[in-house]
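Note: the block below is work-v7.txt and it holds compact mmCIF, N, CA and C atoms.
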```
# COMPACT_ATOMS: atom_id res chain seq x y z
N MET A 1 -23.45 19.35 8.07
CA MET A 1 -23.31 20.04 6.80
C MET A 1 -21.86 20.07 6.35
N ASN A 2 -20.92 20.20 7.29
CA ASN A 2 -19.51 20.25 6.92
C ASN A 2 -19.04 18.95 6.28
N VAL A 3 -19.64 17.83 6.67
CA VAL A 3 -19.27 16.54 6.08
C VAL A 3 -19.63 16.53 4.59
N TRP A 4 -20.78 17.08 4.26
CA TRP A 4 -21.21 17.08 2.87
C TRP A 4 -20.34 18.00 2.02
N ILE A 5 -19.87 19.06 2.60
CA ILE A 5 -18.95 19.94 1.87
C ILE A 5 -17.64 19.19 1.60
N ALA A 6 -17.15 18.48 2.58
CA ALA A 6 -15.93 17.69 2.40
C ALA A 6 -16.13 16.61 1.35
N ILE A 7 -17.28 15.96 1.36
CA ILE A 7 -17.57 14.94 0.36
C ILE A 7 -17.62 15.55 -1.03
N ALA A 8 -18.29 16.68 -1.17
CA ALA A 8 -18.38 17.34 -2.47
C ALA A 8 -17.01 17.77 -2.98
N LEU A 9 -16.19 18.32 -2.10
CA LEU A 9 -14.83 18.71 -2.51
C LEU A 9 -14.00 17.50 -2.91
N THR A 10 -14.17 16.40 -2.23
CA THR A 10 -13.45 15.17 -2.58
C THR A 10 -13.90 14.66 -3.95
N VAL A 11 -15.19 14.70 -4.21
CA VAL A 11 -15.72 14.27 -5.50
C VAL A 11 -15.15 15.13 -6.62
N VAL A 12 -15.17 16.43 -6.42
CA VAL A 12 -14.64 17.35 -7.44
C VAL A 12 -13.14 17.13 -7.63
N GLY A 13 -12.42 16.94 -6.53
CA GLY A 13 -10.98 16.70 -6.62
C GLY A 13 -10.65 15.41 -7.35
N CYS A 14 -11.39 14.34 -7.07
CA CYS A 14 -11.17 13.06 -7.75
C CYS A 14 -11.46 13.18 -9.25
N TYR A 15 -12.53 13.86 -9.58
CA TYR A 15 -12.87 14.05 -10.99
C TYR A 15 -11.79 14.89 -11.68
N ALA A 16 -11.28 15.91 -11.02
CA ALA A 16 -10.23 16.75 -11.61
C ALA A 16 -8.95 15.95 -11.84
N VAL A 17 -8.59 15.09 -10.91
CA VAL A 17 -7.39 14.27 -11.09
C VAL A 17 -7.59 13.30 -12.25
N LYS A 18 -8.75 12.69 -12.34
CA LYS A 18 -9.04 11.77 -13.44
C LYS A 18 -9.01 12.51 -14.77
N LEU A 19 -9.59 13.69 -14.83
CA LEU A 19 -9.59 14.48 -16.05
C LEU A 19 -8.17 14.91 -16.43
N ALA A 20 -7.36 15.29 -15.45
CA ALA A 20 -5.98 15.68 -15.73
C ALA A 20 -5.20 14.50 -16.30
N GLY A 21 -5.46 13.30 -15.79
CA GLY A 21 -4.78 12.11 -16.32
C GLY A 21 -5.17 11.83 -17.75
N LEU A 22 -6.42 12.09 -18.09
CA LEU A 22 -6.86 11.86 -19.47
C LEU A 22 -6.33 12.92 -20.44
N LEU A 23 -5.99 14.09 -19.93
CA LEU A 23 -5.51 15.17 -20.79
C LEU A 23 -4.01 15.14 -21.03
N VAL A 24 -3.28 14.25 -20.35
CA VAL A 24 -1.84 14.15 -20.55
C VAL A 24 -1.59 13.57 -21.94
N PRO A 25 -0.72 14.20 -22.73
CA PRO A 25 -0.44 13.68 -24.07
C PRO A 25 0.20 12.29 -24.01
N ALA A 26 -0.12 11.45 -24.97
CA ALA A 26 0.41 10.08 -24.99
C ALA A 26 1.93 10.06 -25.08
N GLY A 27 2.51 11.04 -25.76
CA GLY A 27 3.96 11.10 -25.89
C GLY A 27 4.67 11.27 -24.55
N ALA A 28 4.04 12.00 -23.64
CA ALA A 28 4.64 12.20 -22.31
C ALA A 28 4.64 10.91 -21.50
N LEU A 29 3.68 10.04 -21.75
CA LEU A 29 3.59 8.80 -21.00
C LEU A 29 4.53 7.72 -21.53
N GLU A 30 5.05 7.90 -22.73
CA GLU A 30 5.93 6.91 -23.33
C GLU A 30 7.40 7.15 -23.02
N ARG A 31 7.73 8.20 -22.29
CA ARG A 31 9.12 8.47 -21.93
C ARG A 31 9.62 7.38 -20.99
N PRO A 32 10.90 6.98 -21.12
CA PRO A 32 11.44 5.90 -20.27
C PRO A 32 11.36 6.21 -18.77
N LEU A 33 11.63 7.45 -18.39
CA LEU A 33 11.59 7.80 -16.97
C LEU A 33 10.17 7.67 -16.41
N VAL A 34 9.19 8.10 -17.15
CA VAL A 34 7.79 8.01 -16.71
C VAL A 34 7.37 6.56 -16.60
N ARG A 35 7.78 5.73 -17.56
CA ARG A 35 7.43 4.31 -17.52
C ARG A 35 8.07 3.61 -16.34
N ARG A 36 9.33 3.97 -16.04
CA ARG A 36 10.04 3.38 -14.91
C ARG A 36 9.37 3.78 -13.59
N LEU A 37 9.02 5.06 -13.48
CA LEU A 37 8.35 5.53 -12.27
C LEU A 37 6.98 4.87 -12.10
N ALA A 38 6.27 4.71 -13.20
CA ALA A 38 4.95 4.09 -13.13
C ALA A 38 5.04 2.64 -12.69
N ALA A 39 6.15 1.97 -13.01
CA ALA A 39 6.33 0.59 -12.60
C ALA A 39 6.76 0.48 -11.14
N LEU A 40 7.55 1.44 -10.65
CA LEU A 40 8.11 1.34 -9.30
C LEU A 40 7.26 2.00 -8.22
N LEU A 41 6.48 2.99 -8.58
CA LEU A 41 5.72 3.74 -7.58
C LEU A 41 4.72 2.88 -6.80
N PRO A 42 3.94 2.01 -7.44
CA PRO A 42 3.02 1.19 -6.64
C PRO A 42 3.74 0.29 -5.64
N VAL A 43 4.89 -0.25 -6.01
CA VAL A 43 5.65 -1.11 -5.10
C VAL A 43 6.13 -0.30 -3.89
N ALA A 44 6.63 0.90 -4.14
CA ALA A 44 7.11 1.74 -3.04
C ALA A 44 5.97 2.16 -2.12
N LEU A 45 4.83 2.49 -2.69
CA LEU A 45 3.68 2.87 -1.86
C LEU A 45 3.16 1.70 -1.02
N LEU A 46 3.13 0.50 -1.61
CA LEU A 46 2.68 -0.67 -0.87
C LEU A 46 3.66 -1.02 0.25
N ALA A 47 4.96 -0.89 -0.01
CA ALA A 47 5.96 -1.15 1.03
C ALA A 47 5.83 -0.14 2.17
N ALA A 48 5.61 1.12 1.84
CA ALA A 48 5.45 2.13 2.88
C ALA A 48 4.18 1.89 3.69
N LEU A 49 3.10 1.52 3.04
CA LEU A 49 1.86 1.22 3.76
C LEU A 49 2.03 0.02 4.67
N THR A 50 2.72 -1.02 4.18
CA THR A 50 2.97 -2.21 4.99
C THR A 50 3.79 -1.86 6.22
N ALA A 51 4.85 -1.08 6.05
CA ALA A 51 5.70 -0.69 7.17
C ALA A 51 4.91 0.16 8.17
N GLN A 52 4.11 1.07 7.68
CA GLN A 52 3.33 1.94 8.57
C GLN A 52 2.31 1.13 9.36
N GLN A 53 1.64 0.20 8.71
CA GLN A 53 0.63 -0.60 9.39
C GLN A 53 1.25 -1.62 10.35
N THR A 54 2.49 -2.04 10.07
CA THR A 54 3.13 -3.05 10.91
C THR A 54 3.77 -2.46 12.15
N PHE A 55 4.43 -1.33 12.00
CA PHE A 55 5.28 -0.81 13.07
C PHE A 55 4.72 0.42 13.78
N SER A 56 3.45 0.73 13.60
CA SER A 56 2.91 1.90 14.30
C SER A 56 1.55 1.60 14.90
N THR A 57 1.31 2.23 16.02
CA THR A 57 0.00 2.23 16.66
C THR A 57 -0.27 3.67 17.06
N GLY A 58 -1.21 4.30 16.39
CA GLY A 58 -1.43 5.72 16.62
C GLY A 58 -0.21 6.49 16.17
N SER A 59 0.41 7.20 17.10
CA SER A 59 1.62 7.95 16.75
C SER A 59 2.86 7.32 17.36
N ALA A 60 2.74 6.11 17.90
CA ALA A 60 3.87 5.45 18.55
C ALA A 60 4.45 4.37 17.64
N LEU A 61 5.76 4.19 17.76
CA LEU A 61 6.46 3.15 17.03
C LEU A 61 6.50 1.90 17.90
N VAL A 62 6.00 0.78 17.39
CA VAL A 62 5.93 -0.45 18.18
C VAL A 62 6.46 -1.63 17.38
N VAL A 63 6.99 -2.60 18.11
CA VAL A 63 7.36 -3.89 17.52
C VAL A 63 6.59 -4.94 18.31
N ASP A 64 5.63 -5.57 17.65
CA ASP A 64 4.79 -6.55 18.33
C ASP A 64 4.60 -7.77 17.44
N ALA A 65 3.51 -8.47 17.61
CA ALA A 65 3.25 -9.70 16.86
C ALA A 65 3.17 -9.46 15.36
N ARG A 66 2.77 -8.28 14.97
CA ARG A 66 2.68 -7.98 13.54
C ARG A 66 4.04 -8.05 12.87
N ALA A 67 5.08 -7.64 13.58
CA ALA A 67 6.43 -7.70 13.03
C ALA A 67 6.86 -9.15 12.81
N ALA A 68 6.50 -10.04 13.74
CA ALA A 68 6.81 -11.46 13.57
C ALA A 68 6.06 -12.03 12.37
N GLY A 69 4.82 -11.64 12.19
CA GLY A 69 4.05 -12.08 11.02
C GLY A 69 4.65 -11.59 9.72
N LEU A 70 5.11 -10.34 9.71
CA LEU A 70 5.76 -9.79 8.52
C LEU A 70 7.05 -10.53 8.23
N ALA A 71 7.81 -10.86 9.27
CA ALA A 71 9.05 -11.62 9.08
C ALA A 71 8.75 -13.01 8.51
N ALA A 72 7.69 -13.65 9.00
CA ALA A 72 7.31 -14.96 8.48
C ALA A 72 6.90 -14.87 7.01
N ALA A 73 6.17 -13.83 6.67
CA ALA A 73 5.78 -13.64 5.27
C ALA A 73 7.00 -13.39 4.40
N GLY A 74 7.94 -12.59 4.91
CA GLY A 74 9.17 -12.35 4.15
C GLY A 74 9.96 -13.62 3.93
N LEU A 75 10.05 -14.47 4.95
CA LEU A 75 10.74 -15.74 4.81
C LEU A 75 10.04 -16.64 3.79
N ALA A 76 8.73 -16.67 3.84
CA ALA A 76 7.97 -17.48 2.87
C ALA A 76 8.19 -16.96 1.46
N LEU A 77 8.28 -15.64 1.30
CA LEU A 77 8.55 -15.08 -0.03
C LEU A 77 9.94 -15.45 -0.51
N LEU A 78 10.92 -15.43 0.41
CA LEU A 78 12.28 -15.82 0.03
C LEU A 78 12.34 -17.28 -0.41
N LEU A 79 11.49 -18.10 0.19
CA LEU A 79 11.43 -19.51 -0.19
C LEU A 79 10.53 -19.75 -1.41
N ARG A 80 10.05 -18.67 -1.99
CA ARG A 80 9.20 -18.70 -3.20
C ARG A 80 7.90 -19.49 -3.00
N ALA A 81 7.31 -19.29 -1.85
CA ALA A 81 6.03 -19.94 -1.55
C ALA A 81 4.91 -19.24 -2.33
N PRO A 82 3.83 -19.96 -2.63
CA PRO A 82 2.68 -19.32 -3.27
C PRO A 82 2.07 -18.25 -2.37
N PHE A 83 1.34 -17.33 -2.98
CA PHE A 83 0.80 -16.19 -2.26
C PHE A 83 -0.05 -16.59 -1.06
N LEU A 84 -0.92 -17.57 -1.23
CA LEU A 84 -1.79 -17.98 -0.13
C LEU A 84 -0.99 -18.57 1.02
N VAL A 85 0.11 -19.24 0.72
CA VAL A 85 0.97 -19.78 1.78
C VAL A 85 1.66 -18.63 2.52
N VAL A 86 2.06 -17.59 1.79
CA VAL A 86 2.68 -16.42 2.41
C VAL A 86 1.70 -15.77 3.38
N VAL A 87 0.48 -15.57 2.95
CA VAL A 87 -0.53 -14.95 3.80
C VAL A 87 -0.85 -15.85 4.99
N ALA A 88 -0.97 -17.14 4.76
CA ALA A 88 -1.27 -18.06 5.85
C ALA A 88 -0.13 -18.08 6.87
N ALA A 89 1.10 -18.06 6.41
CA ALA A 89 2.24 -18.04 7.34
C ALA A 89 2.20 -16.79 8.21
N ALA A 90 1.92 -15.64 7.59
CA ALA A 90 1.85 -14.40 8.36
C ALA A 90 0.73 -14.45 9.39
N VAL A 91 -0.42 -14.97 9.00
CA VAL A 91 -1.56 -15.05 9.92
C VAL A 91 -1.28 -15.99 11.08
N VAL A 92 -0.75 -17.17 10.77
CA VAL A 92 -0.50 -18.17 11.81
C VAL A 92 0.56 -17.68 12.79
N VAL A 93 1.63 -17.10 12.28
CA VAL A 93 2.70 -16.62 13.19
C VAL A 93 2.20 -15.45 14.03
N THR A 94 1.49 -14.52 13.42
CA THR A 94 0.96 -13.38 14.19
C THR A 94 0.01 -13.86 15.27
N ALA A 95 -0.90 -14.75 14.92
CA ALA A 95 -1.85 -15.28 15.91
C ALA A 95 -1.13 -16.07 17.00
N GLY A 96 -0.13 -16.83 16.62
CA GLY A 96 0.62 -17.60 17.60
C GLY A 96 1.36 -16.73 18.59
N VAL A 97 2.01 -15.69 18.09
CA VAL A 97 2.73 -14.78 18.98
C VAL A 97 1.76 -14.06 19.90
N ARG A 98 0.63 -13.64 19.38
CA ARG A 98 -0.38 -12.97 20.23
C ARG A 98 -0.94 -13.92 21.27
N ALA A 99 -1.15 -15.18 20.90
CA ALA A 99 -1.69 -16.16 21.84
C ALA A 99 -0.70 -16.44 22.97
N LEU A 100 0.59 -16.35 22.66
CA LEU A 100 1.62 -16.57 23.67
C LEU A 100 1.88 -15.34 24.51
N GLY A 101 1.17 -14.26 24.20
CA GLY A 101 1.29 -13.04 24.99
C GLY A 101 2.36 -12.09 24.51
N GLY A 102 2.77 -12.23 23.26
CA GLY A 102 3.84 -11.37 22.74
C GLY A 102 3.36 -10.12 22.10
```
Show how you would write the structure in this file as structure tokens.
Amino acid sequence: MNVWIAIALTVVGCYAVKLAGLLVPAGALERPLVRRLAALLPVALLAALTAQQTFSTGSALVVDARAAGLAAAGLALLLRAPFLVVVAAAVVVTAGVRALGG
């Protein structure tokens, strides 16, 4: 029963956030600071998620094959490789390091 209460509260909370976003006046959204934040916030959140998923296991800080894959992806991005090549480089390097026991 507690799970259903949590689900119901989540549904209500999501609807309230969506409704609050629709009630914001258009003039407030056109301010330069708000526009700049709206452009930068997704990038910052994605970078934080990537770092958290790469360098942590549970509550421990680790450097393993995932870090090598991230480095390979970063190098591919610096070389302006297409997105699929970046992902493939990360996958191949991560798998290779894991196969070698790293």
DSSP-assigned alpha helix (DSSP H) among stretch 33-100 of chain A, expressed as a PyMOL selection string: chain A and resi 33-55+65-78+83-99
Got time to write the residues from that selection, N, CA and C atoms, as a compact mmCIF listing (two decimals), in the frame of the given file?
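Produced file selection.txt, reproduced below:
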```
# COMPACT_ATOMS: atom_id res chain seq x y z
N LEU A 33 11.63 7.45 -18.39
CA LEU A 33 11.59 7.80 -16.97
C LEU A 33 10.17 7.67 -16.41
N VAL A 34 9.19 8.10 -17.15
CA VAL A 34 7.79 8.01 -16.71
C VAL A 34 7.37 6.56 -16.60
N ARG A 35 7.78 5.73 -17.56
CA ARG A 35 7.43 4.31 -17.52
C ARG A 35 8.07 3.61 -16.34
N ARG A 36 9.33 3.97 -16.04
CA ARG A 36 10.04 3.38 -14.91
C ARG A 36 9.37 3.78 -13.59
N LEU A 37 9.02 5.06 -13.48
CA LEU A 37 8.35 5.53 -12.27
C LEU A 37 6.98 4.87 -12.10
N ALA A 38 6.27 4.71 -13.20
CA ALA A 38 4.95 4.09 -13.13
C ALA A 38 5.04 2.64 -12.69
N ALA A 39 6.15 1.97 -13.01
CA ALA A 39 6.33 0.59 -12.60
C ALA A 39 6.76 0.48 -11.14
N LEU A 40 7.55 1.44 -10.65
CA LEU A 40 8.11 1.34 -9.30
C LEU A 40 7.26 2.00 -8.22
N LEU A 41 6.48 2.99 -8.58
CA LEU A 41 5.72 3.74 -7.58
C LEU A 41 4.72 2.88 -6.80
N PRO A 42 3.94 2.01 -7.44
CA PRO A 42 3.02 1.19 -6.64
C PRO A 42 3.74 0.29 -5.64
N VAL A 43 4.89 -0.25 -6.01
CA VAL A 43 5.65 -1.11 -5.10
C VAL A 43 6.13 -0.30 -3.89
N ALA A 44 6.63 0.90 -4.14
CA ALA A 44 7.11 1.74 -3.04
C ALA A 44 5.97 2.16 -2.12
N LEU A 45 4.83 2.49 -2.69
CA LEU A 45 3.68 2.87 -1.86
C LEU A 45 3.16 1.70 -1.02
N LEU A 46 3.13 0.50 -1.61
CA LEU A 46 2.68 -0.67 -0.87
C LEU A 46 3.66 -1.02 0.25
N ALA A 47 4.96 -0.89 -0.01
CA ALA A 47 5.96 -1.15 1.03
C ALA A 47 5.83 -0.14 2.17
N ALA A 48 5.61 1.12 1.84
CA ALA A 48 5.45 2.13 2.88
C ALA A 48 4.18 1.89 3.69
N LEU A 49 3.10 1.52 3.04
CA LEU A 49 1.86 1.22 3.76
C LEU A 49 2.03 0.02 4.67
N THR A 50 2.72 -1.02 4.18
CA THR A 50 2.97 -2.21 4.99
C THR A 50 3.79 -1.86 6.22
N ALA A 51 4.85 -1.08 6.05
CA ALA A 51 5.70 -0.69 7.17
C ALA A 51 4.91 0.16 8.17
N GLN A 52 4.11 1.07 7.68
CA GLN A 52 3.33 1.94 8.57
C GLN A 52 2.31 1.13 9.36
N GLN A 53 1.64 0.20 8.71
CA GLN A 53 0.63 -0.60 9.39
C GLN A 53 1.25 -1.62 10.35
N THR A 54 2.49 -2.04 10.07
CA THR A 54 3.13 -3.05 10.91
C THR A 54 3.77 -2.46 12.15
N PHE A 55 4.43 -1.33 12.00
CA PHE A 55 5.28 -0.81 13.07
C PHE A 55 4.72 0.42 13.78
N ALA A 65 3.51 -8.47 17.61
CA ALA A 65 3.25 -9.70 16.86
C ALA A 65 3.17 -9.46 15.36
N ARG A 66 2.77 -8.28 14.97
CA ARG A 66 2.68 -7.98 13.54
C ARG A 66 4.04 -8.05 12.87
N ALA A 67 5.08 -7.64 13.58
CA ALA A 67 6.43 -7.70 13.03
C ALA A 67 6.86 -9.15 12.81
N ALA A 68 6.50 -10.04 13.74
CA ALA A 68 6.81 -11.46 13.57
C ALA A 68 6.06 -12.03 12.37
N GLY A 69 4.82 -11.64 12.19
CA GLY A 69 4.05 -12.08 11.02
C GLY A 69 4.65 -11.59 9.72
N LEU A 70 5.11 -10.34 9.71
CA LEU A 70 5.76 -9.79 8.52
C LEU A 70 7.05 -10.53 8.23
N ALA A 71 7.81 -10.86 9.27
CA ALA A 71 9.05 -11.62 9.08
C ALA A 71 8.75 -13.01 8.51
N ALA A 72 7.69 -13.65 9.00
CA ALA A 72 7.31 -14.96 8.48
C ALA A 72 6.90 -14.87 7.01
N ALA A 73 6.17 -13.83 6.67
CA ALA A 73 5.78 -13.64 5.27
C ALA A 73 7.00 -13.39 4.40
N GLY A 74 7.94 -12.59 4.91
CA GLY A 74 9.17 -12.35 4.15
C GLY A 74 9.96 -13.62 3.93
N LEU A 75 10.05 -14.47 4.95
CA LEU A 75 10.74 -15.74 4.81
C LEU A 75 10.04 -16.64 3.79
N ALA A 76 8.73 -16.67 3.84
CA ALA A 76 7.97 -17.48 2.87
C ALA A 76 8.19 -16.96 1.46
N LEU A 77 8.28 -15.64 1.30
CA LEU A 77 8.55 -15.08 -0.03
C LEU A 77 9.94 -15.45 -0.51
N LEU A 78 10.92 -15.43 0.41
CA LEU A 78 12.28 -15.82 0.03
C LEU A 78 12.34 -17.28 -0.41
N PHE A 83 1.34 -17.33 -2.98
CA PHE A 83 0.80 -16.19 -2.26
C PHE A 83 -0.05 -16.59 -1.06
N LEU A 84 -0.92 -17.57 -1.23
CA LEU A 84 -1.79 -17.98 -0.13
C LEU A 84 -0.99 -18.57 1.02
N VAL A 85 0.11 -19.24 0.72
CA VAL A 85 0.97 -19.78 1.78
C VAL A 85 1.66 -18.63 2.52
N VAL A 86 2.06 -17.59 1.79
CA VAL A 86 2.68 -16.42 2.41
C VAL A 86 1.70 -15.77 3.38
N VAL A 87 0.48 -15.57 2.95
CA VAL A 87 -0.53 -14.95 3.80
C VAL A 87 -0.85 -15.85 4.99
N ALA A 88 -0.97 -17.14 4.76
CA ALA A 88 -1.27 -18.06 5.85
C ALA A 88 -0.13 -18.08 6.87
N ALA A 89 1.10 -18.06 6.41
CA ALA A 89 2.24 -18.04 7.34
C ALA A 89 2.20 -16.79 8.21
N ALA A 90 1.92 -15.64 7.59
CA ALA A 90 1.85 -14.40 8.36
C ALA A 90 0.73 -14.45 9.39
N VAL A 91 -0.42 -14.97 9.00
CA VAL A 91 -1.56 -15.05 9.92
C VAL A 91 -1.28 -15.99 11.08
N VAL A 92 -0.75 -17.17 10.77
CA VAL A 92 -0.50 -18.17 11.81
C VAL A 92 0.56 -17.68 12.79
N VAL A 93 1.63 -17.10 12.28
CA VAL A 93 2.70 -16.62 13.19
C VAL A 93 2.20 -15.45 14.03
N THR A 94 1.49 -14.52 13.42
CA THR A 94 0.96 -13.38 14.19
C THR A 94 0.01 -13.86 15.27
N ALA A 95 -0.90 -14.75 14.92
CA ALA A 95 -1.85 -15.28 15.91
C ALA A 95 -1.13 -16.07 17.00
N GLY A 96 -0.13 -16.83 16.62
CA GLY A 96 0.62 -17.60 17.60
C GLY A 96 1.36 -16.73 18.59
N VAL A 97 2.01 -15.69 18.09
CA VAL A 97 2.73 -14.78 18.98
C VAL A 97 1.76 -14.06 19.90
N ARG A 98 0.63 -13.64 19.38
CA ARG A 98 -0.38 -12.97 20.23
C ARG A 98 -0.94 -13.92 21.27
N ALA A 99 -1.15 -15.18 20.90
CA ALA A 99 -1.69 -16.16 21.84
C ALA A 99 -0.70 -16.44 22.97
```
d(atom C of A:Ala8, atom N of A:Gly21) in Å: 17.8 Å
Atomic distance atom C of A:Gln53 - atom CA of A:Ala71, expressed in Å with one decimal: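 That distance, rounded to one decimal, is 12.7 Å.
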Surrounding residues of stretch 90-97 of chain A excluding itself and chain neighbours under 6 positions, 6.5 Å, all atoms listed in the file, as JSON, numbers by chain: {"A": [65, 66, 68, 69, 70, 72, 73]}
Distance in Å - atom N of A:Val62 versus atom CA of A:Leu46: 18.6 Å
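If you measure from each of A:Trp4, A:Arg36, A:Gly101, A:Val86 to A:Gly74 using only N, CA and C atoms, the closest one turns out to be A:Val86.
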DSSP strand (DSSP E) residues within stretch 3-94 of chain A, as a ChimeraX atom specification: /A:56-57,60-61
Draw an axis-aligned box tight on the listed atoms of stretch 66-78 of chain A, then pad every side by 6 Å and write out centre and edge lengths in Å to one decimal as lines of an AutoDock Vina configuration file.
```
center_x = 7.5
center_y = -12.6
center_z = 7.2
size_x = 21.7
size_y = 21.8
size_z = 27.5
```
